[in-house]
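> This is entry04.txt (compact mmCIF, C-alpha atoms and all ligand atoms).
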# COMPACT_ATOMS: atom_id res chain seq x y z
CA MET A 1 -94.79 4.68 -172.68
CA ASN A 2 -94.78 4.36 -176.44
CA ALA A 3 -91.85 6.01 -178.22
CA PRO A 4 -93.24 9.16 -179.87
CA ASN A 5 -91.22 8.79 -183.08
CA LYS A 6 -92.52 5.28 -183.78
CA SER A 7 -95.61 4.68 -185.86
CA ILE A 8 -98.72 3.44 -184.07
CA ASN A 9 -98.20 0.08 -185.72
CA GLU A 10 -94.63 -0.25 -184.50
CA ASN A 11 -95.78 0.74 -181.04
CA ILE A 12 -98.50 -1.91 -181.08
CA ALA A 13 -95.96 -4.47 -182.26
CA SER A 14 -93.29 -3.59 -179.69
CA SER A 15 -95.73 -3.40 -176.79
CA LEU A 16 -96.91 -6.89 -177.65
CA ILE A 17 -93.30 -8.09 -177.44
CA GLU A 18 -92.51 -6.13 -174.24
CA GLU A 19 -95.48 -7.55 -172.42
CA ASP A 20 -94.59 -11.05 -173.53
CA LYS A 21 -98.06 -11.47 -174.98
CA LEU A 22 -97.04 -12.47 -178.45
CA VAL A 23 -100.25 -14.03 -179.68
CA VAL A 24 -99.86 -13.05 -183.33
CA ASP A 25 -96.96 -13.04 -185.72
CA ILE A 26 -95.58 -9.48 -185.49
CA SER A 27 -94.47 -9.37 -189.10
CA GLU A 28 -97.98 -10.34 -190.15
CA LEU A 29 -99.42 -7.66 -187.88
CA GLN A 30 -97.12 -5.06 -189.38
CA ASP A 31 -98.02 -6.31 -192.85
CA ARG A 32 -101.69 -5.96 -192.02
CA CYS A 33 -101.15 -2.40 -190.83
CA ALA A 34 -98.98 -1.28 -193.77
CA SER A 35 -100.68 1.52 -195.59
CA ASN A 36 -100.68 0.04 -199.08
CA ASN A 37 -102.44 -3.14 -198.00
CA ILE A 38 -105.84 -3.82 -199.44
CA PHE A 39 -108.09 -6.15 -197.47
CA VAL A 40 -111.17 -7.98 -198.68
CA THR A 41 -113.22 -5.45 -196.83
CA GLN A 42 -112.98 -2.42 -194.60
CA PRO A 43 -115.78 -1.30 -192.30
CA TYR A 44 -117.65 1.84 -193.21
CA LEU A 45 -117.22 4.41 -190.43
CA PRO A 46 -119.13 7.71 -190.46
CA PRO A 47 -117.27 10.92 -189.49
CA LEU A 48 -116.31 10.52 -185.82
CA GLU A 49 -117.75 13.88 -184.77
CA GLU A 50 -121.20 12.71 -185.86
CA PHE A 51 -121.05 10.03 -183.17
CA PHE A 52 -120.24 12.38 -180.27
CA PRO A 53 -123.83 13.59 -179.66
CA TYR A 54 -124.95 9.96 -179.31
CA LEU A 55 -122.20 9.32 -176.78
CA GLU A 56 -123.12 12.43 -174.82
CA LYS A 57 -126.69 11.17 -174.49
CA ILE A 58 -125.47 7.81 -173.21
CA TRP A 59 -123.18 9.58 -170.73
CA ASP A 60 -126.13 11.71 -169.58
CA ASN A 61 -128.75 9.06 -169.10
CA LYS A 62 -126.38 6.27 -167.95
CA ILE A 63 -128.37 3.62 -169.78
CA LEU A 64 -125.83 1.32 -171.34
CA THR A 65 -127.85 -1.79 -172.19
CA ASN A 66 -130.98 -3.91 -171.46
CA GLY A 67 -133.22 -2.55 -174.19
CA GLY A 68 -132.53 1.16 -173.68
CA PRO A 69 -133.73 4.04 -175.85
CA TYR A 70 -131.20 3.62 -178.68
CA HIS A 71 -131.94 -0.12 -178.81
CA GLN A 72 -135.65 0.60 -179.19
CA GLN A 73 -135.06 3.34 -181.77
CA LEU A 74 -132.79 1.16 -183.87
CA GLU A 75 -135.27 -1.73 -183.92
CA LYS A 76 -137.94 0.66 -185.20
CA ALA A 77 -135.64 2.38 -187.69
CA LEU A 78 -134.41 -0.94 -189.11
CA CYS A 79 -137.98 -2.24 -189.53
CA GLU A 80 -138.76 0.87 -191.54
CA TYR A 81 -135.55 0.79 -193.58
CA LEU A 82 -135.74 -2.93 -194.34
CA GLY A 83 -139.49 -3.03 -194.87
CA VAL A 84 -140.19 -5.70 -192.25
CA GLU A 85 -142.73 -5.91 -189.42
CA HIS A 86 -140.70 -7.08 -186.42
CA LEU A 87 -137.01 -7.24 -185.65
CA ALA A 88 -135.09 -8.12 -182.48
CA LEU A 89 -131.54 -6.80 -182.15
CA PHE A 90 -128.74 -9.07 -180.97
CA THR A 91 -125.17 -8.84 -179.81
CA ASN A 92 -124.01 -10.68 -182.98
CA GLY A 93 -125.36 -12.82 -185.79
CA THR A 94 -124.19 -16.12 -184.30
CA ILE A 95 -126.09 -15.70 -181.02
CA ALA A 96 -129.08 -14.58 -183.10
CA LEU A 97 -128.90 -17.84 -185.10
CA VAL A 98 -128.61 -19.95 -181.93
CA THR A 99 -131.60 -18.11 -180.44
CA ALA A 100 -133.69 -18.32 -183.63
CA LEU A 101 -133.43 -22.13 -183.47
CA GLN A 102 -134.42 -22.04 -179.78
CA ALA A 103 -137.33 -19.71 -180.49
CA LEU A 104 -138.88 -22.20 -182.92
CA ARG A 105 -137.92 -25.16 -180.69
CA ILE A 106 -136.02 -26.83 -183.52
CA THR A 107 -134.62 -30.30 -182.73
CA GLY A 108 -133.40 -33.44 -184.52
CA GLU A 109 -131.98 -32.82 -187.99
CA VAL A 110 -131.79 -29.61 -190.00
CA ILE A 111 -130.96 -29.38 -193.70
CA THR A 112 -128.34 -26.76 -194.46
CA THR A 113 -125.61 -25.70 -196.87
CA PRO A 114 -121.92 -26.59 -196.56
CA TYR A 115 -121.05 -23.42 -198.50
CA SER A 116 -121.14 -20.75 -195.80
CA PHE A 117 -119.30 -19.32 -192.83
CA VAL A 118 -118.93 -21.89 -190.01
CA ALA A 119 -121.37 -20.01 -187.77
CA THR A 120 -124.29 -21.35 -189.83
CA ALA A 121 -123.70 -25.00 -188.89
CA HIS A 122 -122.18 -24.20 -185.49
CA SER A 123 -125.52 -22.69 -184.44
CA LEU A 124 -127.05 -26.14 -184.97
CA LEU A 125 -124.41 -27.96 -182.93
CA TRP A 126 -124.84 -25.44 -180.09
CA ASN A 127 -128.47 -26.54 -179.98
CA GLY A 128 -127.68 -30.25 -180.09
CA ILE A 129 -129.12 -30.44 -183.63
CA LYS A 130 -127.58 -32.58 -186.39
CA PRO A 131 -126.75 -30.62 -189.57
CA VAL A 132 -127.54 -32.47 -192.80
CA PHE A 133 -125.57 -30.96 -195.67
CA VAL A 134 -127.19 -30.64 -199.08
CA ASP A 135 -125.37 -29.51 -202.22
CA ILE A 136 -125.68 -26.06 -203.77
CA ASP A 137 -126.82 -24.63 -207.08
CA PRO A 138 -123.85 -24.00 -209.44
CA ASN A 139 -125.16 -20.58 -210.52
CA THR A 140 -126.22 -18.97 -207.24
CA LEU A 141 -124.08 -21.10 -204.87
CA ASN A 142 -127.17 -21.27 -202.61
CA LEU A 143 -128.80 -24.46 -201.31
CA ASP A 144 -130.19 -26.40 -204.29
CA PRO A 145 -133.93 -26.95 -203.68
CA ALA A 146 -133.95 -29.91 -206.10
CA LYS A 147 -131.67 -31.82 -203.72
CA ILE A 148 -133.47 -31.08 -200.45
CA GLU A 149 -136.23 -33.70 -200.55
CA ALA A 150 -133.81 -36.63 -200.78
CA ALA A 151 -132.20 -35.52 -197.52
CA ILE A 152 -135.43 -35.32 -195.49
CA THR A 153 -135.87 -38.03 -192.82
CA PRO A 154 -138.45 -38.46 -190.03
CA GLN A 155 -136.03 -36.49 -187.79
CA THR A 156 -135.91 -33.43 -190.07
CA THR A 157 -137.60 -30.42 -188.49
CA ALA A 158 -136.25 -27.44 -190.43
CA ILE A 159 -134.22 -26.01 -193.31
CA LEU A 160 -131.45 -23.48 -192.67
CA PRO A 161 -130.45 -21.95 -196.02
CA VAL A 162 -128.07 -19.02 -196.52
CA HIS A 163 -128.56 -16.11 -198.93
CA CYS A 164 -124.92 -16.47 -199.88
CA TYR A 165 -123.11 -13.21 -200.78
CA GLY A 166 -126.50 -11.48 -200.45
CA HIS A 167 -128.07 -13.27 -203.42
CA PRO A 168 -131.50 -14.67 -202.51
CA CYS A 169 -132.13 -18.40 -202.31
CA ASP A 170 -134.93 -19.88 -204.39
CA VAL A 171 -137.30 -18.94 -201.56
CA LYS A 172 -140.48 -20.12 -203.30
CA ALA A 173 -139.16 -23.60 -204.06
CA ILE A 174 -137.81 -23.95 -200.52
CA GLN A 175 -141.14 -22.89 -199.00
CA LYS A 176 -143.01 -25.38 -201.18
CA ILE A 177 -140.90 -28.23 -199.82
CA ALA A 178 -141.21 -26.92 -196.25
CA ASP A 179 -145.00 -26.82 -196.58
CA ILE A 180 -145.23 -30.36 -197.93
CA TYR A 181 -143.06 -31.82 -195.16
CA ASN A 182 -144.19 -29.44 -192.40
CA LEU A 183 -140.71 -28.02 -191.85
CA LYS A 184 -139.69 -24.64 -190.45
CA VAL A 185 -137.40 -22.41 -192.52
CA ILE A 186 -134.84 -20.14 -190.88
CA TYR A 187 -132.78 -18.07 -193.32
CA ASP A 188 -129.22 -17.20 -192.44
CA ALA A 189 -129.45 -13.74 -193.99
CA ALA A 190 -126.11 -12.54 -192.58
CA HIS A 191 -125.15 -11.25 -196.05
CA ALA A 192 -128.58 -10.03 -197.15
CA PHE A 193 -129.04 -6.65 -195.47
CA GLY A 194 -131.37 -4.52 -197.62
CA VAL A 195 -131.77 -7.09 -200.39
CA GLN A 196 -135.16 -7.13 -202.13
CA THR A 197 -136.90 -9.47 -204.53
CA GLU A 198 -139.85 -8.49 -206.72
CA SER A 199 -142.14 -8.92 -203.71
CA GLY A 200 -140.13 -6.77 -201.28
CA SER A 201 -137.58 -7.59 -198.59
CA VAL A 202 -136.02 -11.03 -198.89
CA LEU A 203 -136.08 -11.08 -195.07
CA LYS A 204 -139.84 -11.71 -195.10
CA TYR A 205 -139.47 -15.26 -196.40
CA GLY A 206 -139.39 -18.31 -194.17
CA ASP A 207 -140.31 -18.36 -190.48
CA LEU A 208 -137.34 -16.26 -189.37
CA SER A 209 -134.35 -14.49 -190.94
CA VAL A 210 -131.10 -13.74 -189.17
CA LEU A 211 -128.87 -10.76 -189.96
CA SER A 212 -125.27 -10.01 -189.00
CA PHE A 213 -124.03 -6.49 -188.35
CA HIS A 214 -120.40 -7.57 -187.92
CA ALA A 215 -117.63 -5.10 -188.84
CA THR A 216 -117.17 -6.89 -192.18
CA LYS A 217 -120.79 -6.53 -193.25
CA VAL A 218 -122.54 -3.96 -195.49
CA PHE A 219 -124.26 -2.47 -192.43
CA ASN A 220 -122.18 -2.77 -189.28
CA THR A 221 -122.64 -1.91 -185.62
CA PHE A 222 -119.06 -3.07 -184.79
CA GLU A 223 -120.60 -6.38 -183.66
CA GLY A 224 -124.30 -7.02 -183.90
CA GLY A 225 -127.12 -8.95 -185.45
CA ALA A 226 -130.88 -9.31 -185.55
CA ILE A 227 -133.73 -11.75 -185.99
CA VAL A 228 -136.50 -10.67 -188.34
CA CYS A 229 -139.84 -12.27 -187.47
CA PRO A 230 -143.38 -12.02 -188.83
CA ASP A 231 -145.46 -11.44 -185.68
CA ALA A 232 -145.39 -9.71 -182.31
CA LYS A 233 -145.81 -12.94 -180.34
CA THR A 234 -142.68 -14.50 -181.85
CA LYS A 235 -140.76 -11.26 -181.28
CA GLN A 236 -141.80 -11.34 -177.63
CA ARG A 237 -140.52 -14.91 -177.23
CA ILE A 238 -137.25 -13.94 -178.91
CA ASP A 239 -136.94 -10.89 -176.65
CA HIS A 240 -137.39 -13.11 -173.60
CA LEU A 241 -134.84 -15.61 -174.88
CA LYS A 242 -132.20 -12.95 -175.52
CA ASN A 243 -132.63 -11.64 -171.95
CA PHE A 244 -132.05 -14.84 -169.92
CA GLY A 245 -135.73 -15.78 -170.27
CA PHE A 246 -136.90 -12.91 -168.04
CA VAL A 247 -140.48 -11.74 -168.51
CA ASP A 248 -140.46 -9.45 -165.48
CA GLU A 249 -138.36 -8.94 -162.37
CA LEU A 250 -139.36 -12.28 -160.83
CA THR A 251 -140.39 -14.46 -163.76
CA VAL A 252 -138.11 -16.55 -165.96
CA VAL A 253 -139.96 -18.54 -168.62
CA ALA A 254 -137.11 -20.13 -170.59
CA PRO A 255 -133.40 -20.95 -170.26
CA GLY A 256 -132.52 -17.80 -172.20
CA ILE A 257 -129.14 -16.35 -173.01
CA ASN A 258 -127.64 -12.87 -172.89
CA GLY A 259 -127.94 -11.81 -176.52
CA LYS A 260 -128.73 -8.13 -176.02
CA MET A 261 -127.19 -5.40 -178.13
CA SER A 262 -125.63 -2.58 -176.07
CA GLU A 263 -126.69 1.05 -176.33
CA LEU A 264 -123.30 1.93 -177.80
CA ASN A 265 -123.76 -0.47 -180.70
CA ALA A 266 -127.39 0.55 -181.19
CA ALA A 267 -126.49 4.25 -181.25
CA PHE A 268 -123.78 3.53 -183.80
CA GLY A 269 -126.32 1.62 -185.89
CA LEU A 270 -128.65 4.62 -185.93
CA LEU A 271 -125.82 6.76 -187.25
CA GLN A 272 -124.79 4.12 -189.79
CA LEU A 273 -128.34 4.02 -191.16
CA GLN A 274 -127.98 7.65 -192.21
CA HIS A 275 -125.03 6.66 -194.41
CA ILE A 276 -126.10 3.26 -195.68
CA ASP A 277 -127.54 4.34 -199.02
CA HIS A 278 -124.35 6.17 -199.89
CA ALA A 279 -122.24 3.18 -198.81
CA VAL A 280 -124.25 0.73 -200.94
CA ALA A 281 -124.18 3.12 -203.95
CA ARG A 282 -120.38 3.22 -203.74
CA ARG A 283 -120.26 -0.59 -203.59
CA LYS A 284 -122.46 -0.72 -206.69
CA GLU A 285 -119.96 1.44 -208.62
CA ILE A 286 -117.10 -0.85 -207.63
CA ASP A 287 -119.12 -3.92 -208.60
CA SER A 288 -119.87 -2.46 -212.06
CA ILE A 289 -116.21 -1.63 -212.70
CA TYR A 290 -115.10 -5.15 -211.79
CA ARG A 291 -117.75 -6.64 -214.09
CA GLU A 292 -116.82 -4.37 -216.97
CA LYS A 293 -113.05 -4.88 -216.66
CA LEU A 294 -113.20 -8.62 -216.07
CA LYS A 295 -115.86 -9.56 -218.60
CA ASN A 296 -113.36 -10.48 -221.30
CA VAL A 297 -110.76 -12.13 -219.09
CA LYS A 298 -110.69 -15.75 -220.15
CA GLY A 299 -111.10 -18.15 -217.25
CA ILE A 300 -112.56 -15.63 -214.80
CA ARG A 301 -116.26 -15.93 -214.06
CA CYS A 302 -117.96 -13.21 -212.02
CA LEU A 303 -120.83 -14.61 -209.98
CA GLN A 304 -124.13 -13.25 -211.32
CA ASP A 305 -126.99 -12.05 -209.17
CA ALA A 306 -129.92 -14.36 -208.49
CA GLY A 307 -132.47 -12.03 -210.09
CA GLU A 308 -132.99 -9.84 -207.02
CA LYS A 309 -134.54 -6.40 -207.56
CA VAL A 310 -132.32 -4.59 -205.06
CA GLN A 311 -128.80 -5.84 -204.37
CA ASN A 312 -126.39 -4.87 -201.60
CA TYR A 313 -123.05 -5.68 -203.32
CA SER A 314 -121.73 -7.19 -200.11
CA TYR A 315 -119.10 -9.42 -201.73
CA PHE A 316 -117.45 -9.70 -205.14
CA PRO A 317 -116.75 -13.39 -205.73
CA ILE A 318 -114.98 -14.53 -208.89
CA LEU A 319 -114.52 -18.14 -209.95
CA VAL A 320 -111.11 -19.02 -211.31
CA GLU A 321 -111.90 -21.58 -214.00
CA LYS A 322 -109.61 -24.20 -215.57
CA ASP A 323 -108.85 -22.06 -218.65
CA PHE A 324 -107.35 -19.24 -216.56
CA PRO A 325 -103.54 -19.40 -216.94
CA ILE A 326 -102.88 -19.90 -213.19
CA SER A 327 -104.77 -21.74 -210.45
CA ARG A 328 -106.96 -20.11 -207.78
CA GLU A 329 -104.22 -20.78 -205.19
CA GLU A 330 -101.58 -19.15 -207.40
CA LEU A 331 -103.78 -16.12 -207.98
CA TYR A 332 -104.52 -15.85 -204.25
CA GLN A 333 -100.77 -15.93 -203.56
CA LYS A 334 -100.01 -13.45 -206.33
CA PHE A 335 -102.47 -11.04 -204.76
CA LYS A 336 -100.88 -11.59 -201.35
CA ASP A 337 -97.41 -10.87 -202.75
CA LYS A 338 -98.78 -7.52 -203.85
CA ASN A 339 -100.36 -6.84 -200.43
CA ILE A 340 -103.87 -7.54 -201.66
CA PHE A 341 -105.72 -9.83 -199.30
CA ALA A 342 -108.50 -11.43 -201.35
CA ARG A 343 -110.30 -14.22 -199.46
CA ARG A 344 -111.33 -17.75 -200.32
CA TYR A 345 -114.85 -17.49 -198.86
CA PHE A 346 -116.03 -20.30 -198.42
CA TYR A 347 -113.09 -22.64 -198.47
CA PRO A 348 -112.78 -25.09 -196.79
CA LEU A 349 -116.43 -26.09 -196.86
CA ILE A 350 -118.07 -26.24 -193.43
CA SER A 351 -118.49 -29.98 -194.01
CA ASP A 352 -114.69 -30.36 -194.21
CA PHE A 353 -114.06 -29.08 -190.67
CA PRO A 354 -113.28 -31.77 -188.09
CA MET A 355 -116.56 -31.54 -186.17
CA TYR A 356 -118.58 -32.19 -189.36
CA ARG A 357 -116.49 -34.29 -191.75
CA GLY A 358 -117.44 -37.65 -190.20
CA MET A 359 -121.12 -37.09 -190.91
CA PRO A 360 -122.56 -39.09 -193.84
CA SER A 361 -123.92 -35.94 -195.53
CA ALA A 362 -120.42 -34.37 -195.44
CA HIS A 363 -119.02 -36.84 -198.00
CA LYS A 364 -117.49 -35.12 -201.02
CA GLU A 365 -119.62 -37.19 -203.48
CA ASN A 366 -122.72 -35.69 -201.86
CA LEU A 367 -121.38 -32.15 -202.28
CA SER A 368 -119.66 -32.05 -205.65
CA VAL A 369 -120.94 -28.60 -206.70
CA ALA A 370 -119.98 -27.03 -203.38
CA THR A 371 -116.57 -28.74 -203.45
CA ASN A 372 -115.94 -27.43 -206.95
CA ALA A 373 -117.05 -23.87 -206.07
CA ALA A 374 -114.93 -23.81 -202.92
CA SER A 375 -111.87 -24.72 -204.98
CA LYS A 376 -112.43 -21.89 -207.46
CA VAL A 377 -113.81 -18.91 -205.59
CA LEU A 378 -111.92 -15.80 -204.61
CA CYS A 379 -113.67 -12.79 -203.07
CA LEU A 380 -112.15 -9.55 -204.32
CA PRO A 381 -111.97 -6.44 -202.13
CA ILE A 382 -115.16 -4.39 -202.16
CA TYR A 383 -115.96 -1.59 -199.70
CA PRO A 384 -116.95 2.08 -199.99
CA ALA A 385 -113.45 3.49 -199.32
CA LEU A 386 -111.73 1.38 -202.01
CA THR A 387 -110.19 3.96 -204.34
CA PRO A 388 -110.19 3.75 -208.16
CA ASP A 389 -106.38 3.33 -208.07
CA GLU A 390 -106.64 0.47 -205.62
CA GLN A 391 -109.30 -1.21 -207.72
CA GLN A 392 -107.09 -0.79 -210.77
CA ARG A 393 -104.21 -2.48 -208.87
CA ILE A 394 -106.51 -5.43 -208.15
CA ILE A 395 -107.73 -5.72 -211.73
CA GLU A 396 -104.17 -5.62 -213.10
CA VAL A 397 -103.15 -8.60 -210.99
CA ILE A 398 -105.87 -10.63 -212.71
CA ALA A 399 -105.43 -9.18 -216.19
CA HIS A 400 -101.63 -9.67 -216.39
CA ASN A 401 -101.28 -13.44 -216.46
N1 LIG B 501 -123.64 -16.55 -191.12
C1 LIG B 501 -122.91 -16.15 -192.17
C2 LIG B 501 -123.30 -16.60 -193.54
C3 LIG B 501 -121.79 -15.33 -191.98
O1 LIG B 501 -121.03 -14.94 -193.03
C4 LIG B 501 -121.46 -14.92 -190.67
C5 LIG B 501 -120.28 -14.10 -190.44
C6 LIG B 501 -122.29 -15.33 -189.60
C7 LIG B 501 -123.36 -16.15 -189.88
C8 LIG B 501 -122.02 -14.94 -188.19
O2 LIG B 501 -122.31 -13.57 -187.95
P1 LIG B 501 -121.48 -12.81 -186.75
O3 LIG B 501 -121.60 -13.65 -185.52
O4 LIG B 501 -120.04 -12.66 -187.21
O5 LIG B 501 -122.21 -11.50 -186.64
C9 LIG B 501 -115.46 -12.68 -191.23
C10 LIG B 501 -116.35 -12.21 -190.12
O6 LIG B 501 -115.71 -12.29 -188.85
C11 LIG B 501 -117.67 -12.92 -190.04
O7 LIG B 501 -118.53 -12.05 -189.33
C12 LIG B 501 -118.24 -13.16 -191.41
N2 LIG B 501 -119.45 -13.93 -191.38
C13 LIG B 501 -117.24 -13.87 -192.27
C14 LIG B 501 -117.75 -14.14 -193.66
O8 LIG B 501 -116.10 -13.06 -192.40
P2 LIG B 501 -113.03 -13.47 -191.17
O9 LIG B 501 -112.36 -14.52 -190.38
O10 LIG B 501 -112.83 -13.46 -192.62
O11 LIG B 501 -112.72 -12.02 -190.58
P3 LIG B 501 -111.37 -11.20 -190.62
O12 LIG B 501 -111.13 -10.72 -189.23
O13 LIG B 501 -110.30 -11.95 -191.30
O14 LIG B 501 -111.79 -9.92 -191.48
C15 LIG B 501 -111.66 -9.86 -192.89
C16 LIG B 501 -110.98 -8.55 -193.26
O15 LIG B 501 -111.80 -7.47 -192.90
C17 LIG B 501 -109.66 -8.32 -192.57
O16 LIG B 501 -108.64 -8.83 -193.37
C18 LIG B 501 -109.56 -6.81 -192.46
C19 LIG B 501 -111.01 -6.36 -192.46
N3 LIG B 501 -111.45 -5.97 -191.12
C20 LIG B 501 -111.95 -6.91 -190.26
C21 LIG B 501 -112.36 -6.54 -189.00
C22 LIG B 501 -112.91 -7.56 -188.04
C23 LIG B 501 -111.34 -4.65 -190.74
O17 LIG B 501 -110.86 -3.80 -191.51
N4 LIG B 501 -111.77 -4.29 -189.50
C24 LIG B 501 -112.29 -5.18 -188.60
O18 LIG B 501 -112.70 -4.80 -187.48
O19 LIG B 501 -114.57 -13.63 -190.82
For this file, write the structure as structure tokens.
Ligand code: T4K


Amino acid sequence: MNAPNKSINENIASSLIEEDKLVVDISELQDRCASNNIFVTQPYLPPLEEFFPYLEKIWDNKILTNGGPYHQQLEKALCEYLGVEHLALFTNGTIALVTALQALRITGEVITTPYSFVATAHSLLWNGIKPVFVDIDPNTLNLDPAKIEAAITPQTTAILPVHCYGHPCDVKAIQKIADIYNLKVIYDAAHAFGVQTESGSVLKYGDLSVLSFHATKVFNTFEGGAIVCPDAKTKQRIDHLKNFGFVDELTVVAPGINGKMSELNAAFGLLQLQHIDHAVARRKEIDSIYREKLKNVKGIRCLQDAGEKVQNYSYFPILVEKDFPISREELYQKFKDKNIFARRYFYPLISDFPMYRGMPSAHKENLSVATNAASKVLCLPIYPALTPDEQQRIIEVIAHN
């Protein structure tokens, strides 16, 4: 039994010790739980009581998974909200990426960015595909279309760009290259929920787009993800693939996987959708305050948008330039000392991890812009519940140097 006069955090910490299951550093755990800590993000959670009716329905009908009513409702609701034709829900964004590559039968080599979360390139390795890293654009930090053609070989079958921090890639230039060389384009749109260009949802570009609904994302279903696709036939193939390849009780048409989202996550997603506009509006306010307060700080560059019409304010990356009085590492540490946990997304580059660094395209000379960006970037906390006082604390750490 937990001692009643201990805090929940102390109880968690002591029970981990008692059970001899010390898998994390307890002091770090306590640090993480301390109330004045500010993390890079915090999931948006609607009022708990609003979720109870959804749970009651699940308890009544006993349908927990396998494409139940909430799953179907959420797919429809997300298509409407995002302005896309077809969408298949997944258990997380990584399995959705792996399945998207399977759905289009991608093989050989795929051109991708080193400046992303590891899941982007890992999805290629899980399919036995060789990632070929191409450098990024210094302004958007997205795959640089001008450098793609030089990396195409007879083995290249697709391009896997990332709308990094929710800012759209140069989708038109990428499509032009894909058309010339007959390549598929799968966008890792894990950061791009709700983002729109002049011509509507950014998720409509390419052959497929993959979303993540992880706890740390603008729209979360605890864990979750989706593939956005342009036609019903492709959606059907994806639906088969995410359900072991089953078409009906007795027919299996492909070596599919279990990628299904549960009813619990889907129900939570339906509730989250009712709050998403408010959550994004709050992010926008925080983004504007950072931009205003940091605009005259010498040596700090706030990443600009890529010209999108509707943004989602999913991350707030700053670049710590040479003329800032302290280095990026020193600023990161200074934040930490004040219990502010900014993050160096995306450092190290994917191409620096052991399973990739031996590849010819992973050489630093090939990726100088990405290497430079990874050494300068720091993502500041941004989430709806960040208070004005907390944001002020963050800004002061940067301003007082
Ligand atoms: N492609 C791209 C471009 C991606 O960025 C990602 C995921 C994927 C694909 C794969 O999608 P999923 O398979 O994840 O759906 C986080 C996330 O785990 C990861 O989803 C995300 N990208 C990546 C950019 O960030 P970490 O290692 O930074 O997570 P963690 O646990 O350190 O969380 C950051 C902070 O968020 C914590 O300090 C506190 C807060 N937090 C986190 C969690 C999980 C909470 O307050 N509550 C929570 O439940 O990777």

> Between CA of Arg328 in chain A and CA of His214 in chain A, what is the distance in Å, rounded to a tenth?

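Straight-line distance from CA of Arg328 in chain A to CA of His214 in chain A works out to 27.1 Å.
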
> Write out as a tab-separated table (two decimals) with C-alpha atoms, in the frame of the given file which residues come within 9 Å of Ile95 in chain A when counting only C-alpha atoms, dropping same-chain ones fewer than 2 positions away.


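The file below, out24.tsv, is the result:
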chain	number	residue	atom	x	y	z
A	90	PHE	CA	-128.74	-9.07	-180.97
A	91	THR	CA	-125.17	-8.84	-179.81
A	92	ASN	CA	-124.01	-10.68	-182.98
A	93	GLY	CA	-125.36	-12.82	-185.79
A	97	LEU	CA	-128.90	-17.84	-185.10
A	98	VAL	CA	-128.61	-19.95	-181.93
A	99	THR	CA	-131.60	-18.11	-180.44
A	100	ALA	CA	-133.69	-18.32	-183.63
A	123	SER	CA	-125.52	-22.69	-184.44
A	225	GLY	CA	-127.12	-8.95	-185.45
A	242	LYS	CA	-132.20	-12.95	-175.52
A	257	ILE	CA	-129.14	-16.35	-173.01
A	258	ASN	CA	-127.64	-12.87	-172.89
A	259	GLY	CA	-127.94	-11.81	-176.52

> Measuring between only C-alpha atoms, which one of A:Lys322, A:Lys204, A:Arg283, A:Lys364 shows the shortest distance to Val185 in chain A?

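Of A:Lys322, A:Lys204, A:Arg283, A:Lys364, the one nearest Val185 in chain A, counting only C-alpha atoms, is A:Lys204.
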
> Please find the residues contacting ligand LIG 501 (chain B) at a distance of at most 6 Å between atoms, with all atoms listed in the file counted, and report them as a PDB file with C-alpha atoms, in the coordinates of the input.


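Result written to result-v6.pdb:
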ATOM      1  CA  PHE A  39    -108.090  -6.150-197.470  1.00  0.00           C
ATOM      2  CA  VAL A  40    -111.170  -7.980-198.680  1.00  0.00           C
ATOM      3  CA  THR A  41    -113.220  -5.450-196.830  1.00  0.00           C
ATOM      4  CA  GLN A  42    -112.980  -2.420-194.600  1.00  0.00           C
ATOM      5  CA  PRO A  43    -115.780  -1.300-192.300  1.00  0.00           C
ATOM      6  CA  ASN A  92    -124.010 -10.680-182.980  1.00  0.00           C
ATOM      7  CA  GLY A  93    -125.360 -12.820-185.790  1.00  0.00           C
ATOM      8  CA  THR A  94    -124.190 -16.120-184.300  1.00  0.00           C
ATOM      9  CA  SER A 116    -121.140 -20.750-195.800  1.00  0.00           C
ATOM     10  CA  PHE A 117    -119.300 -19.320-192.830  1.00  0.00           C
ATOM     11  CA  ALA A 119    -121.370 -20.010-187.770  1.00  0.00           C
ATOM     12  CA  THR A 120    -124.290 -21.350-189.830  1.00  0.00           C
ATOM     13  CA  ASP A 188    -129.220 -17.200-192.440  1.00  0.00           C
ATOM     14  CA  ALA A 190    -126.110 -12.540-192.580  1.00  0.00           C
ATOM     15  CA  SER A 212    -125.270 -10.010-189.000  1.00  0.00           C
ATOM     16  CA  PHE A 213    -124.030  -6.490-188.350  1.00  0.00           C
ATOM     17  CA  HIS A 214    -120.400  -7.570-187.920  1.00  0.00           C
ATOM     18  CA  ALA A 215    -117.630  -5.100-188.840  1.00  0.00           C
ATOM     19  CA  THR A 216    -117.170  -6.890-192.180  1.00  0.00           C
ATOM     20  CA  GLY A 224    -124.300  -7.020-183.900  1.00  0.00           C
ATOM     21  CA  GLY A 225    -127.120  -8.950-185.450  1.00  0.00           C
TER      22      GLY A 225
END

> Do you have the CA of Asn296 in chain A-CA of Ala385 in chain A distance handy?

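We find that CA of Asn296 in chain A and CA of Ala385 in chain A lie 26.0 Å from each other.
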
> From the list A:Leu89, A:Ala103, A:Ile289, A:Leu378, which residue is nearest Lys233 in chain A when using only C-alpha atoms?

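Comparing A:Leu89, A:Ala103, A:Ile289, A:Leu378 against Lys233 in chain A, the winner is A:Ala103.
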
> Identify, on the basis of only C-alpha atoms, every residue whose closest approach to Leu271 in chain A does not exceed 8 Å; exclude the query and any residue fewer than 5 positions from it along the same chain; express the result as an MDAnalysis selection string.

chainID A and resid 46 50:51
